Amino acid sequence: MNISPSLKKPDVAWQAVFSLLMFVFMYLPILVLAFYSFNQSPYSANWQGFTLEWYGNLFSDDRILSALKNSLIVAGCAVGISAVLGTSMAVGLARYQFPFKKLYRGTAYLPLIIPDIAIAVATLVVLAAFAIPLSIWTIVAAHVVFCLAYIGLVVSSRLTNLDPHLEEAALDLGATPTQAFIKVLLPQLMPGIIAGCLLAFVLSLDDFLIASFTAGSGSNTLPMEIFSRIRTGVKPDINALSVMLISVSAIAAFVAELIRASGESKKNIINS
């Protein structure tokens, strides 16, 4: 009887090394940034001891608080408007047929691949053509452009996995189209809507390029304030502010992924 030789397990050492190098390349700068945000020295290059002073100073800095307020206003308003428009757009593209639908779909998601500099310049040209003064609300209008595309994409991906017969059953039972949307479709879309809103909120909060082109006098956002301060050198208070901004973005992205995964698991349970 012939006994076949045992298969040799593949050597995965190179894969582990590659993964380690990839994570070091991506996250080592963030770790260095966080390390020096606790540096007692006012110059980031020299370590003189551990301190939380720079984090405390942020909450007493009027310019930082004003920029944070502006960033939250811009992100909140842009995401709120985009949530309504993006959800309506995704539902309309998935449920209805109309002329030039494919062209509209491609145009609606075009901001996902257009460079930010192109969106910023185009928005500024439009505002100048209509003589609209720059303010915090022009930043909101510019951010709606890309937030709308991201929320619409996340909601549309959620829609593709839903059973359309549930809405039909609700209509057969006497519900109006509005009632079927609010009571049947919207609860199923809610995980995707929330995940898309959190993703768009992070992108709006972190945006610098578009905001710098469309901001008026006294409408600095947090990334703009950070950029204006690093021109004279990177100080520990900027490191601390950057760490806080990264932490908020990471938490929002993590929560969005949890909500999306929870929605997917509930959907699989219902389908099974």
# chains A, B, ... in the order shown; residues from 1 in each chain; ligands from 1
$ residues_around --residues "Asn46 of chain A" --least-positions-apart "4" --cutoff "12 Å" --atoms "only C-alpha atoms" --output "mmCIF file with N, CA and C atoms, in the first residue's frame"
data_model
loop_
_atom_site.group_PDB
_atom_site.id
_atom_site.type_symbol
_atom_site.label_atom_id
_atom_site.label_comp_id
_atom_site.auth_asym_id
_atom_site.auth_seq_id
_atom_site.Cartn_x
_atom_site.Cartn_y
_atom_site.Cartn_z
ATOM 1 N N PHE A 35 3.324 59.783 22.000
ATOM 2 C CA PHE A 35 4.401 59.780 23.000
ATOM 3 C C PHE A 35 4.852 61.204 23.316
ATOM 4 N N TYR A 36 5.086 61.998 22.291
ATOM 5 C CA TYR A 36 5.580 63.364 22.502
ATOM 6 C C TYR A 36 4.489 64.328 22.951
ATOM 7 N N SER A 37 3.216 63.919 22.883
ATOM 8 C CA SER A 37 2.160 64.788 23.406
ATOM 9 C C SER A 37 2.185 64.843 24.932
ATOM 10 N N PHE A 38 2.907 63.908 25.566
ATOM 11 C CA PHE A 38 3.058 63.907 27.024
ATOM 12 C C PHE A 38 4.424 64.461 27.449
ATOM 13 N N ASN A 39 5.143 65.066 26.516
ATOM 14 C CA ASN A 39 6.476 65.580 26.795
ATOM 15 C C ASN A 39 6.392 66.912 27.535
ATOM 16 N N GLN A 40 7.114 67.031 28.623
ATOM 17 C CA GLN A 40 7.100 68.258 29.416
ATOM 18 C C GLN A 40 7.829 69.398 28.714
ATOM 19 N N SER A 41 8.723 69.054 27.802
ATOM 20 C CA SER A 41 9.479 70.072 27.087
ATOM 21 C C SER A 41 8.592 70.765 26.053
ATOM 22 N N PRO A 42 8.702 72.077 25.897
ATOM 23 C CA PRO A 42 7.932 72.768 24.860
ATOM 24 C C PRO A 42 8.422 72.470 23.453
ATOM 25 N N PHE A 50 7.248 63.350 31.905
ATOM 26 C CA PHE A 50 5.832 63.112 31.590
ATOM 27 C C PHE A 50 4.970 64.221 32.171
ATOM 28 N N LYS A 235 4.591 71.780 18.259
ATOM 29 C CA LYS A 235 4.706 71.863 19.708
ATOM 30 C C LYS A 235 3.879 70.752 20.364
ATOM 31 N N PRO A 236 4.150 70.450 21.643
ATOM 32 C CA PRO A 236 3.400 69.377 22.310
ATOM 33 C C PRO A 236 1.894 69.616 22.364
#
$ select_by_dssp --residues "segment 120-245 of chain A" --states "helix (DSSP H, G or I)" --output "ChimeraX atom specification"
/A:120-129,136-159,165-172,177-206,209-214,222-232,236-245
$ atom_distance --atom1 "atom CA of Ser157 of chain A" --atom2 "atom CA of Pro191 of chain A"
11.4 Å
$ closest_residue --among "A:Val24, A:Ala170, A:Val126, A:Ile117" --to "Asp207 of chain A" --atoms "only C-alpha atoms"
A:Ile117
$ residues_around --residues "Val202 of chain A" --least-positions-apart "4" --cutoff "7 Å" --atoms "only C-alpha atoms" --output "compact mmCIF listing (two decimals) with N, CA, C and O atoms, in the first residue's frame"
# COMPACT_ATOMS: atom_id res chain seq x y z
N LEU A 198 -21.75 58.32 10.65
CA LEU A 198 -20.53 58.38 11.45
C LEU A 198 -19.29 58.48 10.56
O LEU A 198 -18.35 59.23 10.86
N ASP A 206 -12.34 65.87 9.85
CA ASP A 206 -10.92 65.83 9.53
C ASP A 206 -10.55 66.65 8.30
O ASP A 206 -9.35 66.80 8.00
N SER A 249 -11.83 60.27 15.85
CA SER A 249 -12.08 59.67 14.54
C SER A 249 -12.07 58.15 14.62
O SER A 249 -12.92 57.48 14.02
N ALA A 252 -15.27 56.90 16.39
CA ALA A 252 -16.43 57.00 15.51
C ALA A 252 -16.41 55.91 14.44
O ALA A 252 -17.45 55.30 14.14
$ atom_distance --atom1 "atom CA of Phe25 of chain A" --atom2 "atom CA of Leu209 of chain A"
24.4 Å
$ closest_residue --among "A:Ala108, A:Ile64, A:Ala16, A:Gly86" --to "Ser242 of chain A" --atoms "only C-alpha atoms"
A:Ile64
$ atom_distance --atom1 "atom CA of Tyr109 of chain A" --atom2 "atom CA of Asn220 of chain A"
27.9 Å
$ closest_residue --among "A:His165, A:Lys183, A:Arg105, A:Arg95" --to "Gly152 of chain A" --atoms "only C-alpha atoms"
A:Arg105
$ residues_around --residues "segment 129-136 of chain A" --least-positions-apart "2" --cutoff "8 Å" --atoms "only C-alpha atoms" --output "mmCIF file with C-alpha atoms, in the first residue's frame"
data_model
loop_
_atom_site.group_PDB
_atom_site.id
_atom_site.type_symbol
_atom_site.label_atom_id
_atom_site.label_comp_id
_atom_site.auth_asym_id
_atom_site.auth_seq_id
_atom_site.Cartn_x
_atom_site.Cartn_y
_atom_site.Cartn_z
ATOM 1 C CA ASN A 70 -16.997 75.422 14.112
ATOM 2 C CA VAL A 74 -20.004 72.018 10.060
ATOM 3 C CA VAL A 125 -15.614 79.180 -8.384
ATOM 4 C CA VAL A 126 -19.371 78.643 -8.011
ATOM 5 C CA LEU A 127 -19.505 80.757 -4.856
ATOM 6 C CA THR A 138 -20.287 77.723 2.664
ATOM 7 C CA ILE A 139 -18.099 75.087 4.331
ATOM 8 C CA VAL A 140 -21.272 73.154 5.204
ATOM 9 C CA THR A 214 -14.505 77.797 1.390
ATOM 10 C CA ALA A 215 -14.064 79.258 4.886
ATOM 11 C CA GLY A 216 -14.783 82.883 5.582
ATOM 12 C CA SER A 217 -13.086 85.166 8.068
ATOM 13 C CA SER A 219 -14.625 80.402 10.412
#
$ closest_residue --among "A:Thr123, A:Thr221, A:Ser204, A:Thr87" --to "Val154 of chain A" --atoms "only C-alpha atoms"
A:Thr87
$ closest_residue --among "A:Leu189, A:Met26, A:Ile251, A:Ile226" --to "Asn239 of chain A" --atoms "only C-alpha atoms"
A:Ile226
$ closest_residue --among "A:Leu93, A:Leu124, A:Leu112, A:Leu171" --to "Ala141 of chain A" --atoms "only C-alpha atoms"
A:Leu124
